[in-house]
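Peer 1: I'd like to ask some things about the structure below.
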Amino acid sequence: MTFLNWLGALPGAAALGMIWGVMAIGVYITYKILDIADLTVDGSICTGAAVCAVLVTAGANIWVAMLVALLAGVLCGLVTGFFHTFMGIPAILAGILTQLILWSVNLKIMGKSNIGLLPQSYSPIITNMREDRVQTILTLIIIIACVTAVLYWFFGTEMGASLRATGCNIHMSRAQGINTDLNKIIGLALSNGIVAFSGALLAQFNGNSDINMGRGAIVVGLAAVIIGEAVTARFAKNFAVRLLGVVLGGVIYYFVYQTVVFLGLDTDLLKMLSAIVVAVFLAVPYWKKTYFSGAGKKEEKNNA
Amino acid sequence: MLELKNITKTFFPGTVNEKVALKGIDLVLEDGDFVTIIGGNGAGKSTMLNAISGVWKPDCGQVIIDGEDVTALPEYKRAKYLGRVFQDPMMGTARDMEIEENLALARRRGKRRGLKWRITKAEREEYRRTLADLDLGLEDRMTHKVGLLSGGQRQAVTLLMATINTPKVLLLDEHTAALDPKTAAKVLELTDRIVERDHLTTLMITHNMKDAIAHGNRLIMMHEGRIIIDVRGEEKKKLTVEDLLAMFAKASGSEFTSDRAMLSN
């Protein structure tokens, strides 16, 4: 393993990081905006991949396949939203239940645990082949720009603002006549739609759809969100910039991933390390509050 | 304008924590009534306001606002009739959103929230004028996050949000209790001004007997889930704190016990 090998692997890692960055935008919507840790994503990312793989194998246009994958993800989010609001199940558990449902559903969609997608057998918009690298990265940049633009618009509308309010202060939202249950469902649907869409991208990039591809996806998504926030915190006031920061977080995550692999780390340990890193980063705000705020350092002062 | 009929609520029924919070509350508010509510800890004051705003459904009884029975409506649907300000300054606003965004959210209370832009240019001008009226300098900070404001400023903004659409009933749940005396007085003065200007039917809980007497045209006192004193008009104007304490002792058969109320006399 040489330095040149490592350098040569970076563009691929960047592309992979961007795909996971799209996925992390979905996680951002639930985790940061709605204040819900949604574990549906571990299943819905694979649903997106499965739907896309099955459709293109059957000869469908790749764009149509990706659109249907997105809609399938929306459906996944609706199920979790229904569990959480109508059935009163705590959000985390609702996500886990849907995730488990999706394990079976994904197997049924694919008919087996893995579908190979040879780039030569259809017309993918992105691939993991060296000769397509430039086109793949450009395509991903355009997709990320579009997703960011659409979300920037949506969260700027009346409905989007009420969604943000729901995640920020649910009491105030209800007092202002906002249907908070409906908003949670919309947010979960939107989030999982984006996650499934990223799954469809991932299937093309990996050249297959695999039942295990979503395992631990939430951790990668959270890592990207956290890294992105840490990197852009100083200047990212604008919502669109923050979303792009999340994508950047995904790219950085895969650069680091690639680096530790090249340094010879046992790849079996990667998931554990990712989880530990995320756990520590999630703990930082809590530690700050509990151990590093003296009596005089109140977070908010109530006096006028 | 507002009518409560036999509102009864028991929390945790059938458990050791069972608490009968409201025991058949009957109350009728005329259009433009400004009622102050006073009572000891656990008397049911906030519980009554929560019954009106629909935080939960009462065990029995009816809530009627302007002739419409809203007992079955969920909290968010009733909101179009109500303006609410809470004791906790954090509770009435979305801290991560801008001042003008908060006002725009309140402006759309009771209306459909679609895919139009969340705030219009004309609104922005209107908000600037309304905020300038507060005399807190907020008109120059409209795009600041509400989380950056002090408690008093947040309560003032919440009060604007509660009254921006002229609610049928304004519910104030000890909205000055968390503020320092000077700020509290300022927010109360603002409350009086808005209530008078818009001729609002208002229910205001306070722990300060002097405030309860000085504001509004009617005063009710609650004790153990019941309304035990209801004074209005001329009689209310002549009330003193001593009168109130004597009336309370007579009506309830016990001494008035609220640490805060006693201290703030």
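Labeling convention for the structure tokens: chains A, B, ... as they appear, residues from 1 per chain, ligands from 1 in order of appearance.
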Which residues of chain B are close to chain A, meaning at most 7 Å apart when you count only C-alpha atoms, and how do they look as a PyMOL selection string?
Peer 2: chain B and resi 75-77+79-80+84+91-94+96+105-106+109-110+113-118+150-153+179-180+183
Peer 1: Step one, run DSSP on the backbone; step two, keep only residues of stretch 85-154 of chain A assigned to helix (DSSP H, G or I); then write them as a PyMOL selection string.
Peer 2: chain A and resi 85+91-110+119-121+130-154
Peer 1: Output as an NGL selection string all residues of stretch 28-251 of chain B that backbone DSSP marks as strand (DSSP E or B).
Peer 2: :B and (28-29 or 34-39 or 60-65 or 68-69 or 82-85 or 98 or 117 or 145 or 169-173 or 201-205 or 218-223 or 226-232)
Peer 1: I'd like the contact shell of B:Asp192 - 9 Å cut-off, only C-alpha atoms, skipping same-chain residues fewer than 4 positions apart - returned as a list in words.
Peer 2: Val187, Leu188, Glu196, Arg197, His215 and Gly216 of chain B
Peer 1: Using only C-alpha atoms, find the one residue out of A:Ala240, A:Val22, A:Leu118, A:Val68 that sits nearest to A:Ala203.
Peer 2: A:Leu118
Peer 1: Can you work out which one of A:Lys289, A:Arg215, A:Lys184, A:Arg130 has the shortest atom-to-atom distance to A:Val41, counting only C-alpha atoms?
Peer 2: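 Once distances to A:Val41 are computed over only C-alpha atoms, the minimum belongs to A:Arg215.
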Peer 1: Could you list, as a count of residues only, every residue within 9 Å of A:Ile115, counting only C-alpha atoms and ignoring same-chain residues fewer than 2 positions away?
Peer 2: 13
Peer 1: Residues within 9 Å of B:Ile164, please, as a VMD selection string. Count only C-alpha atoms; anything in the same chain fewer than 5 positions from it doesn't count.
Peer 2: chain B and resid 83 103 106 to 107 159
Peer 1: Using only all heavy atoms, please write the residues we just selected to a file, as a compact mmCIF listing (two decimals), in the first residue's frame.
Peer 2:
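Everything below was put into selection_9.txt:
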# COMPACT_ATOMS: atom_id res chain seq x y z
N GLY B 83 -55.38 32.59 22.10
CA GLY B 83 -54.01 33.08 22.18
C GLY B 83 -53.49 32.63 23.53
O GLY B 83 -54.20 32.75 24.52
N LEU B 103 -43.33 35.20 14.46
CA LEU B 103 -44.54 36.01 14.27
C LEU B 103 -45.34 35.51 13.08
O LEU B 103 -46.57 35.43 13.12
CB LEU B 103 -44.16 37.49 14.09
CG LEU B 103 -43.63 38.17 15.36
CD1 LEU B 103 -42.98 39.51 15.02
CD2 LEU B 103 -44.74 38.37 16.37
N ALA B 106 -47.32 32.51 13.94
CA ALA B 106 -48.51 32.86 14.71
C ALA B 106 -49.57 33.50 13.82
O ALA B 106 -50.77 33.25 13.98
CB ALA B 106 -48.14 33.81 15.84
N ARG B 107 -49.13 34.28 12.86
CA ARG B 107 -50.05 34.94 11.94
C ARG B 107 -50.90 33.91 11.19
O ARG B 107 -52.05 34.14 10.84
CB ARG B 107 -49.25 35.81 10.94
CG ARG B 107 -49.94 36.20 9.69
CD ARG B 107 -51.11 37.12 9.93
NE ARG B 107 -50.71 38.51 9.95
CZ ARG B 107 -51.27 39.43 10.75
NH1 ARG B 107 -52.20 39.09 11.58
NH2 ARG B 107 -50.87 40.67 10.69
N LEU B 159 -46.52 37.32 23.63
CA LEU B 159 -47.78 38.05 23.78
C LEU B 159 -48.24 38.61 22.43
O LEU B 159 -49.42 38.55 22.07
CB LEU B 159 -47.58 39.18 24.80
CG LEU B 159 -48.83 39.80 25.40
CD1 LEU B 159 -49.69 38.76 26.08
CD2 LEU B 159 -48.43 40.88 26.42
Peer 1: Which residues are near stretch 243-252 of chain A? Cut-off 9 Å, only C-alpha atoms, ignore same chain within fewer than 6 positions. Put them as a ChimeraX atom specification.
Peer 2: /A:13-25,28,144-145,148,151-152,220-221,223-233,236
Peer 1: Which residues, written as a PyMOL selection string, have at least one atom at most 8 Å from B:Ala51, with only C-alpha atoms counted and residues fewer than 6 positions away on the same chain left out?
Peer 2: chain B and resi 7+57-58+63
Peer 1: Given the selection you just returned, output its residues as a file containing all heavy atoms, formatted as a PDB file, in the first residue's frame.
Peer 2:
ATOM      1  N   ILE B   7     -66.863  21.153  34.027  1.00  0.00           N
ATOM      2  CA  ILE B   7     -65.593  20.523  33.633  1.00  0.00           C
ATOM      3  C   ILE B   7     -64.989  19.772  34.821  1.00  0.00           C
ATOM      4  O   ILE B   7     -64.751  20.354  35.875  1.00  0.00           O
ATOM      5  CB  ILE B   7     -64.577  21.584  33.140  1.00  0.00           C
ATOM      6  CG1 ILE B   7     -65.083  22.273  31.889  1.00  0.00           C
ATOM      7  CG2 ILE B   7     -63.212  20.943  32.904  1.00  0.00           C
ATOM      8  CD1 ILE B   7     -64.992  21.457  30.639  1.00  0.00           C
ATOM      9  N   LYS B  57     -58.417  15.901  27.131  1.00  0.00           N
ATOM     10  CA  LYS B  57     -59.881  15.986  27.169  1.00  0.00           C
ATOM     11  C   LYS B  57     -60.356  15.850  28.606  1.00  0.00           C
ATOM     12  O   LYS B  57     -59.838  15.030  29.355  1.00  0.00           O
ATOM     13  CB  LYS B  57     -60.490  14.880  26.306  1.00  0.00           C
ATOM     14  CG  LYS B  57     -60.240  15.092  24.836  1.00  0.00           C
ATOM     15  CD  LYS B  57     -61.293  14.411  23.978  1.00  0.00           C
ATOM     16  CE  LYS B  57     -61.176  14.872  22.542  1.00  0.00           C
ATOM     17  NZ  LYS B  57     -59.906  14.463  21.906  1.00  0.00           N
ATOM     18  N   PRO B  58     -61.344  16.653  29.024  1.00  0.00           N
ATOM     19  CA  PRO B  58     -61.870  16.508  30.376  1.00  0.00           C
ATOM     20  C   PRO B  58     -62.638  15.186  30.518  1.00  0.00           C
ATOM     21  O   PRO B  58     -63.075  14.615  29.515  1.00  0.00           O
ATOM     22  CB  PRO B  58     -62.804  17.710  30.512  1.00  0.00           C
ATOM     23  CG  PRO B  58     -63.168  18.088  29.127  1.00  0.00           C
ATOM     24  CD  PRO B  58     -62.006  17.715  28.268  1.00  0.00           C
ATOM     25  N   VAL B  63     -66.607  22.550  26.769  1.00  0.00           N
ATOM     26  CA  VAL B  63     -65.952  23.836  26.569  1.00  0.00           C
ATOM     27  C   VAL B  63     -66.601  24.474  25.344  1.00  0.00           C
ATOM     28  O   VAL B  63     -66.596  23.886  24.261  1.00  0.00           O
ATOM     29  CB  VAL B  63     -64.439  23.685  26.326  1.00  0.00           C
ATOM     30  CG1 VAL B  63     -63.786  25.042  26.118  1.00  0.00           C
ATOM     31  CG2 VAL B  63     -63.782  22.934  27.476  1.00  0.00           C
TER      32      VAL B  63
END
Peer 1: Between B:Thr130, B:Ser53, B:Asn208, B:Asn102, which residue has the minimum interatomic distance to B:Met161, considering only C-alpha atoms?
Peer 2: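 Closest to B:Met161, using only C-alpha atoms: B:Asn102.
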Peer 1: When you draw a straight line from atom CA of A:Leu39 to atom CA of A:Ile89, how long is it in Å?
Peer 2: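 Separating atom CA of A:Leu39 from atom CA of A:Ile89 is a distance of 13.4 Å.
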Peer 1: How many Å lie between atom CA of B:Val241 and atom CA of B:Leu27, rounded to one decimal?
Peer 2: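 So the two atoms, atom CA of B:Val241 and atom CA of B:Leu27, lie 23.3 Å apart.
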Peer 1: Which residue is closest to A:Thr85? Choose from A:Leu70, A:Glu131, A:Leu182, A:Trp63 and count only C-alpha atoms.
Peer 2: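 Closest candidate: A:Leu182.
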Peer 1: Closest to B:Met204 among B:Ala249, B:Leu134, B:Ile99, B:Leu219, using only C-alpha atoms?
Peer 2: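 For B:Met204, the nearest of the given residues is B:Leu219.
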